[in-house]
Amino acid sequence: MAKEYSRTHRVADQMQRELALLIQREVRDPRIGMITVTAVDVSRDLAHAKVFITLMGDVTAEEIAQNLSILKDVAGYLRMQLGKVMKLRSVPQLHFHYDESVRRGVHLSSLIERAVAEDRQHQSDGED
């Protein structure tokens, strides 16, 4: 079981931390929003890395596509910077994806809160 947390997981964790800093500090495009790197999934051969991001605030599909396009354009630069920071023989190619889980979680939480509020309203109506 100790092998499950292998080198790929350690590399992915370090890449997530480093990319979060690099995107915040090095990407100078004014169109880019407040990006959070939620996860990095590195292939077993360390050739490719899926980088999952979310955007802070209420964003449209167009803004998401624009941010992903900007990140795709600067992926080579980010990869070069990762190579300087991380001591790897070869740095994985970066593939950026939008992470829908945060948005879905917020939506589900609001649905639950609404259902609880309606339930309380029905209970108070029944007592009167």
# chains A, B, ... in the order shown; residues from 1 in each chain; ligands from 1

call {"tool": "residues_around", "arguments": {"residues": "range 53-58 of chain A", "least_positions_apart": "6", "cutoff": "9 Å", "atoms": "only C-alpha atoms", "output": "list of chain:residue names"}}
result
A:Gly33, A:Met34, A:Ile35, A:Thr36, A:Val37, A:Thr38, A:Ala39, A:Val40, A:Ile64, A:Asn67, A:Leu68, A:Phe96, A:His97, A:Tyr98, A:Asp99, A:Glu100, A:Ser101, A:Val102, A:Arg103

call {"tool": "residues_around", "arguments": {"residues": "range 77-90 of chain A", "least_positions_apart": "2", "cutoff": "8 Å", "atoms": "only C-alpha atoms", "output": "PyMOL selection string"}}
result
chain A and resi 15+18-19+22-23+46-47+74-75+92-94

call {"tool": "select_by_dssp", "arguments": {"residues": "range 10-124 of chain A", "states": "strand (DSSP E)", "output": "ChimeraX atom specification"}}
result
/A:35-42,48-55,93-98

call {"tool": "atom_distance", "arguments": {"atom1": "CA of Ser124 in chain A", "atom2": "CA of Ile112 in chain A"}}
result
18.4 Å

call {"tool": "residues_around", "arguments": {"residues": "Arg31 in chain A", "least_positions_apart": "3", "cutoff": "9 Å", "atoms": "only C-alpha atoms", "output": "ChimeraX atom specification"}}
result
/A:28,63,66-67,70

call {"tool": "atom_distance", "arguments": {"atom1": "CA of Ser43 in chain A", "atom2": "CA of Gln24 in chain A"}}
result
24.7 Å

call {"tool": "closest_residue", "arguments": {"among": "A:Glu118, A:Glu113, A:Asp45, A:Glu62", "to": "Ser6 in chain A", "atoms": "only C-alpha atoms"}}
result
A:Asp45
